[in-house]
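**Student:** Supplied structure: upload_34.txt, compact mmCIF, C-alpha atoms and all ligand atoms.
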```
# COMPACT_ATOMS: atom_id res chain seq x y z
CA MET V 18 -3.03 -12.81 5.89
CA VAL V 19 -3.34 -10.26 8.64
CA ILE V 20 -7.04 -9.43 8.15
CA ARG V 21 -9.69 -11.70 6.71
CA LEU V 22 -13.44 -11.07 6.44
CA LYS V 23 -15.82 -13.74 5.19
CA ASN V 24 -19.35 -12.80 4.19
CA VAL V 25 -19.68 -10.19 6.90
CA VAL V 26 -23.11 -8.69 7.42
CA LYS V 27 -23.69 -5.79 9.79
CA ILE V 28 -27.23 -4.57 10.30
CA TYR V 29 -28.25 -1.49 12.27
CA LYS V 30 -31.81 -1.38 13.47
CA VAL V 31 -33.30 2.05 13.89
CA GLY V 32 -36.92 1.72 14.99
CA GLU V 33 -38.60 -0.40 12.33
CA ALA V 34 -35.94 0.24 9.74
CA GLU V 35 -32.97 -2.01 9.05
CA ILE V 36 -29.78 -0.63 7.55
CA ARG V 37 -27.42 -3.14 6.01
CA ALA V 38 -24.24 -1.18 6.69
CA LEU V 39 -22.15 -4.16 5.50
CA ASN V 40 -23.83 -6.49 3.06
CA SER V 41 -21.78 -9.67 2.74
CA VAL V 42 -18.27 -8.27 2.68
CA SER V 43 -15.35 -10.61 2.04
CA LEU V 44 -11.85 -9.22 2.10
CA GLU V 45 -8.26 -10.31 2.62
CA ILE V 46 -5.45 -7.99 3.60
CA LYS V 47 -1.90 -9.27 3.56
CA LYS V 48 0.70 -8.30 6.11
CA GLY V 49 2.47 -5.11 5.10
CA GLU V 50 -0.13 -3.89 2.61
CA TYR V 51 -0.94 -0.19 2.24
CA VAL V 52 -4.57 0.14 1.18
CA SER V 53 -6.90 3.06 0.60
CA ILE V 54 -10.65 2.74 1.04
CA VAL V 55 -13.00 5.05 -0.79
CA GLY V 56 -16.76 5.30 -1.22
CA PRO V 57 -19.69 7.66 -0.76
CA SER V 58 -20.82 8.91 2.62
CA GLY V 59 -22.84 6.23 4.41
CA SER V 60 -21.44 3.38 2.30
CA GLY V 61 -20.06 1.45 5.31
CA LYS V 62 -16.39 2.45 5.49
CA THR V 63 -16.32 3.36 9.20
CA THR V 64 -18.50 0.34 9.98
CA LEU V 65 -15.88 -1.84 8.30
CA PHE V 66 -13.19 -0.52 10.66
CA ASN V 67 -15.49 -0.85 13.67
CA VAL V 68 -16.16 -4.51 13.01
CA ILE V 69 -12.48 -5.28 12.28
CA GLY V 70 -11.59 -3.81 15.68
CA GLY V 71 -14.46 -5.61 17.37
CA LEU V 72 -16.01 -2.29 18.41
CA GLU V 73 -19.30 -3.50 16.92
CA PRO V 74 -20.54 -7.10 16.76
CA VAL V 75 -21.44 -8.53 13.36
CA ASP V 76 -24.74 -10.22 12.45
CA GLU V 77 -23.23 -12.78 10.10
CA GLY V 78 -19.86 -13.91 8.85
CA GLU V 79 -16.33 -14.18 10.18
CA ILE V 80 -13.57 -11.72 10.91
CA TRP V 81 -10.03 -12.79 11.59
CA VAL V 82 -7.15 -10.55 12.69
CA ASP V 83 -4.02 -12.71 12.51
CA ASP V 84 -5.22 -15.97 13.99
CA LYS V 85 -7.85 -14.35 16.22
CA PRO V 86 -11.55 -14.84 15.47
CA VAL V 87 -12.82 -11.33 16.22
CA HIS V 88 -16.45 -12.44 15.68
CA LYS V 89 -16.14 -14.87 18.60
CA LEU V 90 -13.97 -13.01 21.10
CA LYS V 91 -15.18 -11.73 24.46
CA GLU V 92 -14.85 -8.06 25.37
CA GLU V 93 -11.62 -8.57 27.36
CA GLU V 94 -9.99 -10.45 24.51
CA LEU V 95 -11.11 -7.76 22.07
CA ALA V 96 -9.61 -5.03 24.25
CA ARG V 97 -6.35 -6.93 24.28
CA LEU V 98 -6.42 -7.45 20.51
CA ARG V 99 -6.99 -3.72 19.96
CA ARG V 100 -4.21 -2.83 22.36
CA GLU V 101 -1.65 -5.25 21.01
CA LYS V 102 -2.32 -5.43 17.30
CA LEU V 103 -4.34 -2.44 16.14
CA GLY V 104 -3.82 1.31 16.06
CA PHE V 105 -6.69 3.69 15.31
CA ILE V 106 -6.47 7.20 13.87
CA PHE V 107 -9.62 9.30 13.44
CA GLN V 108 -10.67 12.46 11.66
CA ASP V 109 -11.31 14.26 14.97
CA PHE V 110 -8.00 13.24 16.59
CA TYR V 111 -9.65 12.23 19.93
CA LEU V 112 -6.82 13.47 22.11
CA LEU V 113 -7.42 13.83 25.83
CA PRO V 114 -7.74 17.63 26.25
CA THR V 115 -6.31 17.72 29.78
CA ALA V 116 -3.18 15.75 28.91
CA THR V 117 -0.05 17.03 27.18
CA ALA V 118 1.13 15.77 23.81
CA LEU V 119 3.63 13.48 25.54
CA GLU V 120 1.04 12.14 28.00
CA ASN V 121 -1.44 11.51 25.18
CA VAL V 122 1.12 9.45 23.29
CA MET V 123 2.09 7.50 26.43
CA MET V 124 -1.51 6.75 27.40
CA PRO V 125 -2.19 3.45 25.53
CA GLN V 126 0.85 1.81 27.14
CA ILE V 127 0.49 3.05 30.72
CA GLY V 128 0.28 0.11 33.10
CA PHE V 129 1.53 -2.35 30.52
CA LYS V 130 5.23 -1.41 30.49
CA PRO V 131 7.63 0.52 32.75
CA THR V 132 6.74 4.23 32.61
CA LYS V 133 10.29 5.27 31.81
CA GLU V 134 10.40 2.99 28.80
CA ILE V 135 7.04 4.29 27.58
CA ARG V 136 8.17 7.91 28.00
CA GLU V 137 11.33 7.33 25.97
CA ARG V 138 9.40 5.66 23.18
CA ALA V 139 6.73 8.39 23.18
CA LYS V 140 9.41 11.09 22.96
CA MET V 141 11.11 9.28 20.11
CA LEU V 142 7.79 9.05 18.23
CA LEU V 143 6.97 12.71 18.81
CA GLU V 144 10.39 13.61 17.49
CA LYS V 145 9.74 11.43 14.45
CA VAL V 146 6.50 13.28 13.68
CA GLY V 147 8.31 16.62 14.05
CA LEU V 148 6.99 17.65 17.46
CA LYS V 149 9.97 17.39 19.74
CA ASP V 150 9.44 21.02 20.77
CA ARG V 151 5.77 20.43 21.63
CA LEU V 152 6.02 17.63 24.21
CA HIS V 153 4.33 19.56 26.99
CA HIS V 154 1.66 21.36 25.00
CA LEU V 155 -2.00 20.63 25.66
CA PRO V 156 -3.97 19.73 22.51
CA SER V 157 -5.73 23.12 22.65
CA ARG V 158 -2.33 24.76 22.13
CA LEU V 159 -1.55 22.74 19.03
CA SER V 160 -2.61 23.31 15.43
CA GLY V 161 -4.88 20.78 13.70
CA GLY V 162 -1.98 19.25 11.80
CA GLU V 163 0.07 19.02 14.99
CA ARG V 164 -2.83 17.35 16.83
CA GLN V 165 -3.13 14.73 14.13
CA ARG V 166 0.60 14.09 14.31
CA VAL V 167 0.25 13.51 18.09
CA ALA V 168 -2.58 11.07 17.31
CA ILE V 169 -0.33 9.27 14.82
CA ALA V 170 2.47 8.99 17.38
CA ARG V 171 -0.09 7.64 19.87
CA ALA V 172 -1.37 5.06 17.38
CA PHE V 173 2.17 3.77 16.82
CA VAL V 174 3.28 3.69 20.46
CA THR V 175 2.16 0.07 20.87
CA GLU V 176 3.96 -0.97 17.66
CA PRO V 177 0.72 -2.23 16.13
CA GLU V 178 0.69 -4.64 13.24
CA VAL V 179 -2.22 -2.82 11.63
CA ILE V 180 -3.21 0.85 11.51
CA LEU V 181 -6.82 1.74 10.73
CA ALA V 182 -7.01 5.42 9.82
CA ASP V 183 -10.52 6.79 9.28
CA GLU V 184 -10.28 9.99 7.24
CA PRO V 185 -7.11 11.04 9.05
CA THR V 186 -6.87 14.11 6.85
CA GLY V 187 -10.57 15.02 6.89
CA ASN V 188 -10.05 18.10 9.02
CA LEU V 189 -6.74 19.22 7.55
CA ASP V 190 -5.71 21.54 4.74
CA SER V 191 -3.85 20.09 1.78
CA GLU V 192 -0.36 20.80 3.11
CA ASN V 193 -1.07 19.11 6.45
CA SER V 194 -2.89 16.28 4.70
CA ILE V 195 0.20 15.47 2.67
CA MET V 196 2.36 15.63 5.80
CA VAL V 197 0.08 13.17 7.63
CA ILE V 198 -0.04 10.76 4.69
CA GLU V 199 3.73 10.93 4.22
CA LEU V 200 4.15 10.04 7.90
CA LEU V 201 1.89 7.01 7.53
CA GLU V 202 3.83 6.01 4.42
CA ALA V 203 7.12 6.38 6.30
CA PHE V 204 5.94 4.05 9.09
CA HIS V 205 4.67 1.63 6.47
CA ARG V 206 8.05 1.60 4.71
CA GLU V 207 10.25 1.49 7.78
CA LYS V 208 8.26 -0.82 10.05
CA GLY V 209 6.26 -2.80 7.50
CA THR V 210 3.07 -1.77 9.28
CA THR V 211 -0.11 -2.78 7.46
CA ILE V 212 -2.08 0.40 6.82
CA LEU V 213 -5.73 0.84 5.83
CA PHE V 214 -6.92 4.37 5.37
CA ILE V 215 -10.29 5.78 4.47
CA THR V 216 -10.34 8.98 2.47
CA HIS V 217 -12.62 11.10 0.32
CA ASN V 218 -9.57 12.63 -1.33
CA LEU V 219 -8.86 10.75 -4.53
CA ASP V 220 -5.33 12.13 -4.90
CA LEU V 221 -4.45 10.68 -1.51
CA ALA V 222 -6.30 7.44 -2.25
CA ASN V 223 -4.32 7.08 -5.49
CA ARG V 224 -1.05 7.07 -3.56
CA ALA V 225 -1.93 3.57 -2.34
CA LYS V 226 -1.10 0.60 -4.53
CA ARG V 227 -4.34 -1.12 -3.62
CA GLN V 228 -7.63 0.73 -3.61
CA ILE V 229 -10.92 -0.65 -2.33
CA ASN V 230 -14.20 0.97 -3.30
CA ILE V 231 -17.24 0.47 -1.10
CA ARG V 232 -20.80 1.27 -2.07
CA ASP V 233 -24.02 0.40 -0.22
CA GLY V 234 -22.19 -1.90 2.15
CA LYS V 235 -20.50 -3.90 -0.60
CA ILE V 236 -17.03 -3.93 -2.09
CA VAL V 237 -17.65 -2.90 -5.68
CA ARG V 238 -14.02 -2.59 -6.75
CA ASP V 239 -10.75 -3.84 -5.33
CA GLU V 240 -7.76 -3.13 -7.51
CA VAL V 241 -4.00 -3.23 -7.27
CA ARG V 242 -2.33 -0.76 -9.58
N1 LIG V 301 -24.72 3.35 15.27
C1 LIG V 301 -25.49 3.36 14.17
N2 LIG V 301 -26.82 3.17 14.26
C2 LIG V 301 -27.59 3.15 13.16
N3 LIG V 301 -27.13 3.32 11.91
C3 LIG V 301 -25.81 3.50 11.75
C4 LIG V 301 -24.92 3.54 12.87
N4 LIG V 301 -23.67 3.75 12.42
C5 LIG V 301 -23.77 3.85 11.07
N5 LIG V 301 -25.06 3.69 10.66
C6 LIG V 301 -25.54 3.68 9.26
O1 LIG V 301 -24.80 2.70 8.57
C7 LIG V 301 -24.43 3.15 7.27
C8 LIG V 301 -22.91 3.11 7.12
O2 LIG V 301 -22.34 4.09 7.97
P1 LIG V 301 -20.77 4.38 8.02
O3 LIG V 301 -20.53 5.27 9.17
O4 LIG V 301 -20.04 3.10 8.00
O5 LIG V 301 -20.54 5.15 6.63
P2 LIG V 301 -19.20 5.79 6.04
O6 LIG V 301 -18.94 5.11 4.74
O7 LIG V 301 -18.13 5.76 7.06
O8 LIG V 301 -19.67 7.29 5.73
P3 LIG V 301 -18.84 8.68 5.86
O9 LIG V 301 -18.00 8.77 4.62
O10 LIG V 301 -19.92 9.71 5.87
O11 LIG V 301 -18.06 8.64 7.13
C9 LIG V 301 -25.04 4.54 7.12
O12 LIG V 301 -26.25 4.40 6.44
C10 LIG V 301 -25.26 4.99 8.54
O13 LIG V 301 -26.34 5.86 8.62
MG MG V 302 -17.13 7.22 8.13
```
Kindly return the structure encoded in the file as structure tokens.
**Tutor:**
Amino acid sequence: MVIRLKNVVKIYKVGEAEIRALNSVSLEIKKGEYVSIVGPSGSGKTTLFNVIGGLEPVDEGEIWVDDKPVHKLKEEELARLRREKLGFIFQDFYLLPTATALENVMMPQIGFKPTKEIRERAKMLLEKVGLKDRLHHLPSRLSGGERQRVAIARAFVTEPEVILADEPTGNLDSENSIMVIELLEAFHREKGTTILFITHNLDLANRAKRQINIRDGKIVRDEVR
């Protein structure tokens, strides 16, 4: 099991109000699974990713990534876990605007490996996502689909065991959406990377063998087709 959640509760307090963003969620994801996560806006999908990555503490329950108890780790250990085991992809790409495509992809590894080695790997990944002619472009000079492909290359530069993609196609047209999903599927096939992706697009969600449906902070359906 690469990810395991046991009775996880996440509460946000806003003034007097309490929002149970995750309401006793239990979940097991095996190594190498490719899983889509669907559910209405505000149902807790992004919160689920945030607690798996230790970006938000939980109020109750346990979260394990491999053999690491995320719910107990200190900030340094969490940073290391995110760097070594997890790759994040977001709807808004989050590229550094002042850095080129190549520099953006290199960024997560800088200081942890020889620069030359990182550059070679980053170039290889950019070539894989079809951007070998865009290495030195700033994000502002790339199309939306190209930006997301840079973000995908960046997420894979550390060879993560798990990719958490939060509406990676949310800002893309259908042609670019398919391209992005096909790239994730290719990495999944070739590297055995475990992939969880959140989407509002049911056609894309249906491409995954396992589909998890979240509603009001609970898993209401979890099916393998
Ligand atoms: N930092 C926060 N402070 C307070 N409430 C929050 C915070 N983040 C999320 N929430 C609330 O927690 C609930 C779950 O939010 P979450 O972002 O996980 O939803 P989501 O399923 O990702 O929705 P969407 O599809 O719109 O992205 C929502 O009711 C939201 O308003
Ligand atoms: Mg969200």
**Student:** Please, which residues have at least one atom within 7 Å of an atom of ligand MG 302 (chain V), using all atoms listed in the file, listed as JSON, numbers by chain?
**Tutor:** {"V": [58, 59, 62, 63, 183]}
**Student:** Nearest residue to Lys130 of chain V out of V:Thr175, V:Gly187, V:Ala118, V:Asn67, using only C-alpha atoms?
**Tutor:**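 Of the candidates, the smallest distance to Lys130 of chain V is held by V:Thr175.
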**Student:** Could you pull out the residues sitting within 10 Å of ligand LIG 301 (chain V), using all atoms listed in the file, and write them as a VMD selection string?
**Tutor:** chain V and resid 27 to 32 34 to 39 54 to 68 73 108 183 to 184 187 215 to 217 231 to 234
**Student:** Return the single residue from V:Asp150, V:Glu33, V:Gly78, V:Asn121 that is closest to Arg136 of chain V, with distances computed using all atoms listed in the file.
**Tutor:**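 Smallest distance to Arg136 of chain V is found for V:Asn121.
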**Student:** For the contact check between segment 117-154 of chain V and segment 158-171 of chain V, emit one row per residue of segment 117-154 of chain V within 9 Å, containing the shortest atom pair and the distance in Å rounded to one decimal, counting all atoms listed in the file, chain then rising number order, as a tab-separated table.
**Tutor:**
```
residue	atom	partner	partner_atom	distance
V:Ala118	CA	V:Val167	CA	6.2
V:Leu119	CA	V:Val167	CA	8.2
V:Asn121	CA	V:Arg171	CA	6.7
V:Val122	CA	V:Arg171	CA	4.1
V:Met123	CA	V:Arg171	CA	6.9
V:Met124	CA	V:Arg171	CA	7.7
V:Pro125	CA	V:Arg171	CA	7.3
V:Ala139	CA	V:Ala170	CA	7.2
V:Leu142	CA	V:Ala170	CA	5.4
V:Leu143	CA	V:Ala170	CA	6.0
V:Lys145	CA	V:Ala170	CA	8.2
V:Val146	CA	V:Arg166	CA	6.0
V:Gly147	CA	V:Arg166	CA	8.1
V:Leu148	CA	V:Glu163	CA	7.5
V:Arg151	CA	V:Leu159	CA	8.1
V:His154	CA	V:Arg158	CA	6.0
```
**Student:** With all atoms listed in the file as the atoms that count, which of V:Asp109, V:Lys23, V:Met18, V:Tyr51 lies nearest to Arg206 of chain V?
**Tutor:**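 Using all atoms listed in the file, Arg206 of chain V sits closest to V:Tyr51.
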**Student:** Which is closest to Arg99 of chain V among V:Ile212, V:Leu72, V:Val19, V:Val42, if we use all atoms listed in the file?
**Tutor:** V:Leu72
**Student:** Out of V:Gly71, V:Pro131, V:Gly49, V:Pro114, which residue has the shortest atom-to-atom distance to Leu213 of chain V when counting only C-alpha atoms?
**Tutor:**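 So, comparing all the options, the nearest one is V:Gly49.
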**Student:** Residues near Gly70 of chain V, anyone? I mean within 9 Å using all atoms listed in the file, not counting same-chain ones fewer than 4 positions away, as a list in words.
**Tutor:**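 The contact residues come out as Leu65, Phe66, Val82, Val87, Leu95, Ala96, Leu98, Arg99, Leu103, Phe105 and Leu181 of chain V.
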**Student:** Take the residues just selected and output them with C-alpha atoms as a PDB file, in the frame of the given file.
**Tutor:**
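Result saved to result-v4.pdb:
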```pdb
ATOM      1  CA  LEU V  65     -15.880  -1.840   8.300  1.00  0.00           C
ATOM      2  CA  PHE V  66     -13.190  -0.520  10.660  1.00  0.00           C
ATOM      3  CA  VAL V  82      -7.150 -10.550  12.690  1.00  0.00           C
ATOM      4  CA  VAL V  87     -12.820 -11.330  16.220  1.00  0.00           C
ATOM      5  CA  LEU V  95     -11.110  -7.760  22.070  1.00  0.00           C
ATOM      6  CA  ALA V  96      -9.610  -5.030  24.250  1.00  0.00           C
ATOM      7  CA  LEU V  98      -6.420  -7.450  20.510  1.00  0.00           C
ATOM      8  CA  ARG V  99      -6.990  -3.720  19.960  1.00  0.00           C
ATOM      9  CA  LEU V 103      -4.340  -2.440  16.140  1.00  0.00           C
ATOM     10  CA  PHE V 105      -6.690   3.690  15.310  1.00  0.00           C
ATOM     11  CA  LEU V 181      -6.820   1.740  10.730  1.00  0.00           C
TER      12      LEU V 181
END
```
**Student:** Closest to Met196 of chain V among V:Leu221, V:Lys226, V:Phe214, V:Ala182, using only C-alpha atoms?
**Tutor:**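 Closest to Met196 of chain V of all the choices is V:Leu221.
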**Student:** Using atom CA of Asn218 of chain V and atom CA of Gly104 of chain V as the two end points, give the distance in Å to one decimal.
**Tutor:**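 Answer for the atom CA of Asn218 of chain V to atom CA of Gly104 of chain V separation: 21.5 Å.
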**Student:** Atom CA of Pro74 of chain V to atom CA of His88 of chain V: how many Å, to one decimal?
**Tutor:**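 Between atom CA of Pro74 of chain V and atom CA of His88 of chain V the gap works out to 6.8 Å.
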**Student:** Can you measure atom CA of Lys140 of chain V to atom CA of Phe110 of chain V for me? One decimal in Å is fine.
**Tutor:**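 So the two atoms, atom CA of Lys140 of chain V and atom CA of Phe110 of chain V, lie 18.7 Å apart.
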